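Structure data (compact mmCIF, C-alpha atoms) from entry.txt:
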# COMPACT_ATOMS: atom_id res chain seq x y z
CA LYS C 255 71.55 97.77 100.14
CA VAL C 256 73.47 96.14 102.95
CA LYS C 257 72.08 96.22 106.50
CA MET C 258 74.41 96.84 109.44
CA GLY C 259 75.85 93.61 110.76
CA GLU C 260 74.92 91.75 107.59
CA GLU C 261 77.78 89.86 105.97
CA ARG C 262 78.04 90.02 102.22
CA GLU C 263 79.91 87.77 99.83
CA PHE C 264 81.84 89.74 97.21
CA PRO C 265 83.41 88.23 94.10
CA TYR C 266 87.20 88.15 93.88
CA LEU C 267 88.96 91.16 92.37
CA PRO C 268 90.54 90.92 88.90
CA ARG C 269 93.47 93.07 90.10
CA PHE C 270 94.48 95.60 92.73
CA GLY C 271 97.15 98.18 92.09
CA LEU C 272 98.05 101.45 90.48
CA ARG C 273 97.42 102.55 86.90
CA LEU C 274 99.25 105.54 85.51
CA SER C 275 99.80 107.18 82.17
CA MET C 276 103.27 108.16 80.99
CA PRO C 277 103.92 110.62 78.14
CA GLN C 278 104.62 109.76 74.51
CA GLY C 279 108.12 108.41 73.93
CA MET C 280 108.33 106.15 76.99
CA GLU C 281 108.92 103.01 74.93
CA GLU C 282 111.86 101.09 76.41
CA VAL C 283 111.07 98.50 79.08
CA GLU C 284 113.64 96.77 81.26
CA TYR C 285 112.57 94.50 84.10
CA SER C 286 113.56 91.72 86.46
CA GLY C 287 110.92 89.05 86.86
CA PHE C 288 109.31 86.33 84.79
CA GLY C 289 109.67 86.57 81.00
CA PRO C 290 110.54 86.94 78.22
CA HIS C 291 106.83 86.90 77.27
CA GLU C 292 103.59 87.47 79.17
CA SER C 293 103.02 85.66 82.45
CA TYR C 294 100.21 85.49 84.97
CA ILE C 295 99.82 83.64 88.26
CA ASP C 296 97.97 80.83 86.42
CA LYS C 297 99.89 81.10 83.12
CA ARG C 298 103.64 80.98 83.72
CA GLN C 299 104.95 77.52 82.90
CA SER C 300 106.65 78.76 79.71
CA VAL C 301 108.60 81.62 81.31
CA ARG C 302 111.77 81.89 83.38
CA ARG C 303 113.03 84.32 85.98
CA GLY C 304 115.56 86.79 84.57
CA ARG C 305 116.36 90.31 83.46
CA PHE C 306 114.75 91.38 80.20
CA LEU C 307 114.90 94.33 77.79
CA THR C 308 111.94 94.92 75.48
CA SER C 309 109.60 97.64 74.23
CA VAL C 310 106.03 98.59 75.03
CA ASP C 311 104.91 97.40 71.57
CA GLU C 312 106.69 94.05 72.04
CA MET C 313 104.81 93.49 75.33
CA PHE C 314 101.49 93.45 73.44
CA GLU C 315 100.00 90.02 72.63
CA ASN C 316 97.71 90.35 69.61
CA TYR C 317 94.87 87.95 70.39
CA ILE C 318 92.06 87.49 67.86
CA MET C 319 89.63 89.09 70.30
CA PRO C 320 91.25 91.95 72.26
CA GLN C 321 91.61 91.03 75.93
CA GLU C 322 93.94 91.35 78.92
CA ASN C 323 97.48 90.61 77.73
CA GLY C 324 101.18 91.28 78.20
CA ALA C 325 101.50 91.37 82.00
CA ARG C 326 104.68 90.19 83.72
CA TYR C 327 104.13 88.16 86.90
CA GLY C 328 106.59 88.25 89.80
CA THR C 329 108.34 91.47 88.80
CA ASP C 330 111.00 92.69 91.26
CA TRP C 331 111.65 95.98 89.46
CA ALA C 332 110.87 97.59 86.11
CA ILE C 333 112.15 100.64 84.26
CA LEU C 334 110.17 102.50 81.64
CA SER C 335 112.26 105.07 79.75
CA ASN C 336 112.59 107.10 76.57
CA GLU C 337 115.39 107.02 73.94
CA GLN C 338 117.56 109.28 76.10
CA GLY C 339 117.30 106.91 79.07
CA MET C 340 115.07 109.16 81.17
CA GLY C 341 112.14 107.54 82.91
CA LEU C 342 110.84 105.91 86.05
CA GLN C 343 111.91 102.84 87.98
CA PHE C 344 109.22 100.87 89.82
CA SER C 345 110.20 98.43 92.56
CA ALA C 346 108.73 96.53 95.49
CA SER C 347 110.06 94.27 98.21
CA GLU C 348 107.66 91.54 97.05
CA GLY C 349 107.02 90.56 93.43
CA PHE C 350 104.26 92.49 91.67
CA SER C 351 102.49 92.30 88.33
CA PHE C 352 103.83 94.81 85.78
CA HIS C 353 102.30 95.80 82.47
CA ALA C 354 102.95 98.58 79.94
CA SER C 355 100.76 99.12 76.90
CA HIS C 356 99.37 101.64 74.43
CA PHE C 357 95.85 100.43 75.26
CA THR C 358 93.73 100.78 78.39
CA PRO C 359 91.64 97.86 79.68
CA GLU C 360 88.61 99.85 78.51
CA ASP C 361 90.06 100.05 74.97
CA LEU C 362 90.42 96.25 74.96
CA THR C 363 86.91 95.69 76.32
CA ASN C 364 85.29 98.03 73.78
CA ALA C 365 86.95 96.40 70.75
CA ALA C 366 85.54 93.17 69.37
CA HIS C 367 88.44 92.77 66.92
CA SER C 368 92.10 93.80 67.03
CA TRP C 369 91.71 96.07 63.99
CA GLU C 370 89.29 98.20 66.05
CA LEU C 371 92.01 99.13 68.55
CA ALA C 372 93.41 102.68 68.29
CA LYS C 373 96.95 102.84 69.66
CA ARG C 374 97.39 105.64 72.21
CA LYS C 375 100.47 107.88 72.09
CA GLU C 376 100.95 107.69 75.84
CA THR C 377 102.00 104.52 77.68
CA ILE C 378 99.55 103.01 80.17
CA VAL C 379 101.32 101.33 83.10
CA HIS C 380 99.82 98.85 85.58
CA LEU C 381 101.64 98.13 88.84
CA ASP C 382 99.53 95.54 90.63
CA TYR C 383 99.91 94.11 94.12
CA ARG C 384 98.32 91.04 92.66
CA MET C 385 96.33 90.13 89.61
CA SER C 386 93.91 87.23 89.44
CA GLY C 387 94.64 84.60 86.83
CA VAL C 388 93.32 84.92 83.31
CA GLY C 389 91.09 81.82 83.46
CA SER C 390 87.58 83.29 83.64
CA ASN C 391 84.95 80.60 83.03
CA SER C 392 84.12 82.30 79.71
CA CYS C 393 85.18 79.23 77.73
CA GLY C 394 86.29 76.73 80.36
CA PRO C 395 86.22 76.02 84.07
CA GLU C 396 85.96 78.72 86.72
CA LEU C 397 89.28 80.18 87.90
CA ALA C 398 90.81 77.92 90.57
CA GLU C 399 90.88 79.33 94.12
CA PRO C 400 94.72 79.69 94.42
CA TYR C 401 94.75 82.03 91.40
CA ARG C 402 92.10 84.47 92.70
CA LEU C 403 92.73 87.74 94.50
CA ASN C 404 90.58 86.93 97.53
CA GLU C 405 92.51 88.64 100.32
CA LYS C 406 90.39 90.86 102.53
CA GLU C 407 93.42 92.63 104.03
CA PHE C 408 96.85 93.16 102.52
CA GLN C 409 99.68 95.65 102.41
CA PHE C 410 101.32 96.81 99.18
CA GLU C 411 104.40 99.01 99.17
CA LEU C 412 105.72 100.29 95.86
CA ARG C 413 108.59 102.65 95.10
CA LEU C 414 108.70 104.99 92.10
CA ARG C 415 112.03 106.64 91.37
CA PRO C 416 112.94 109.10 88.59
CA LEU C 417 115.83 107.69 86.62
CA PHE C 418 118.45 108.73 84.07
CA LYS C 419 120.14 105.52 82.90
CA GLU C 420 123.46 107.28 82.16
CA ASP C 421 123.77 108.08 85.87
CA GLU C 422 123.30 104.45 86.96
As structure tokens:
Amino acid sequence: KVKMGEEREFPYLPRFGLRLSMPQGMEEVEYSGFGPHESYIDKRQSVRRGRFLTSVDEMFENYIMPQENGARYGTDWAILSNEQGMGLQFSASEGFSFHASHFTPEDLTNAAHSWELAKRKETIVHLDYRMSGVGSNSCGPELAEPYRLNEKEFQFELRLRPLFKEDE
């Protein structure tokens, strides 16, 4: 319980944003941001800014122990579409963290080994204002302050637009 007027110290958030599920068949990913492979605020020295075309399956990083993976830091816009080019475009005036996968964070947490993961038919999309870095103090130092989502107030504006690539 917290008493009125009492200040409380809360831990930093792992992420803040929107998670949505898109139907089976939404497999093509095109985005502008950091790539061509995963990148996080504290893990982006091996990536470059550009425009990339990939698939949901190719965004997955198969670590020995299932864990957070595949996000794209500093995304300006992303398109998730099916074979016919129909889908959604996500964009923001400031870079955001984008991720598309056939696994939820809960799926990753509940699996101790990659062979225990059951691929979902739908595509799980994360559109995050910001995501804390992946360093967690589980096998090294605590996550450095600049890589934590510590803001107490912020504004996040995101645009979702239906898209048919042939019309673009």
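Near Lys419 of chain C, within 9 Å and counting only C-alpha atoms, sit Ser335, Gln338, Gly339, Met340, Gly341, Leu417, Asp421 and Glu422 of chain C; same-chain residues fewer than 2 positions away were not included.
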Query raised in the report: Restricting the calculation to only C-alpha atoms, which member of C:Ser386, C:Ser351, C:Asn336, C:Thr308 is positioned closest to Phe410 of chain C?
Result: C:Ser351
Query - Radius query 7 Å about (109.8, 103.8, 78.5), atoms used: all atoms listed in the file, as a list in words - result: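 The answer, in the requested form, is Gly279, Met280, Glu281, Glu282, Val283, Ile333, Leu334, Ser335, Asn336 and Gly341 of chain C.
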**Report entry** Nearest residue to Leu381 of chain C from the set C:Arg305, C:Arg415, C:Lys297, C:His353 (distances using only C-alpha atoms)
**Finding:** C:His353
Query raised in the report: What is the atom CA of Leu371 of chain C to atom CA of Phe288 of chain C distance in Å?
Result: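 It comes out at 27.0 Å.
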Report task. Compare C:Leu272, C:Val388, C:Leu267, C:Leu307 by their minimum atom-to-atom distance to Tyr294 of chain C, counting all atoms listed in the file, and give me the closest one. Result ->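 Residue with the minimum atom-to-atom distance to Tyr294 of chain C: C:Val388.
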Report task. For the point (101.2, 80.0, 89.9) in the file's frame, write as a list in words all residues with an atom no more than 12 Å away, counting only C-alpha atoms. Result ->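 Residues satisfying the cut-off, written out: Phe288, Ser293, Tyr294, Ile295, Asp296, Lys297, Arg298, Gln299, Ser300, Val301, Tyr327, Gly328, Arg384, Met385, Ser386, Gly387, Val388, Ala398, Glu399, Pro400, Tyr401 and Arg402 of chain C.
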Query - Selection near Tyr285 of chain C, 6 Å with only C-alpha atoms, sequence-local residues under 4 positions removed, as a PyMOL selection string - result: chain C and resi 305-306+331-332
I need the chosen residues saved as a PDB file, in the coordinates of the input, with C-alpha atoms.
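Ended up saving to part-v4.pdb:
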ATOM      1  CA  ARG C 305     116.360  90.310  83.460  1.00  0.00           C
ATOM      2  CA  PHE C 306     114.750  91.380  80.200  1.00  0.00           C
ATOM      3  CA  TRP C 331     111.650  95.980  89.460  1.00  0.00           C
ATOM      4  CA  ALA C 332     110.870  97.590  86.110  1.00  0.00           C
TER       5      ALA C 332
END
Query - Atom pair atom CA of Gly324 of chain C / atom CA of Ser355 of chain C: separation (Å) - result: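 Value for the atom CA of Gly324 of chain C-atom CA of Ser355 of chain C distance: 8.0 Å.
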**Report entry** Atomic distance atom CA of Thr377 of chain C - atom CA of Asn323 of chain C, expressed in Å with one decimal
**Finding:** 14.6 Å
Requested in this report: For Met276 of chain C, list every protein, DNA or RNA residue within 8 Å, evaluated using all atoms listed in the file, and leave out those in the same chain fewer than 6 positions away; present the list as a list in words.
Outcome: Glu376, Thr377, Ile378 and Val379 of chain C
Query - Exercise: Glu315 of chain C partners within 12 Å, all atoms listed in the file, chain neighbours under 2 positions left out, as an MDAnalysis selection string - result: chainID C and resid 291:293 310:313 317:325 353:357 362 368
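Between His380 of chain C and the residues C:Phe418, C:Pro359, C:Ala346, C:Asn404, the shortest atom-to-atom distance, using only C-alpha atoms, involves C:Pro359.
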Find the axis-aligned box for segment 349-358 of chain C, covering all its listed atoms and adding 4 Å on each side, and write its centre and edge lengths in Å to one decimal as JSON.
{"center_x": 100.4, "center_y": 96.1, "center_z": 83.9, "size_x": 21.3, "size_y": 19.1, "size_z": 27.0}
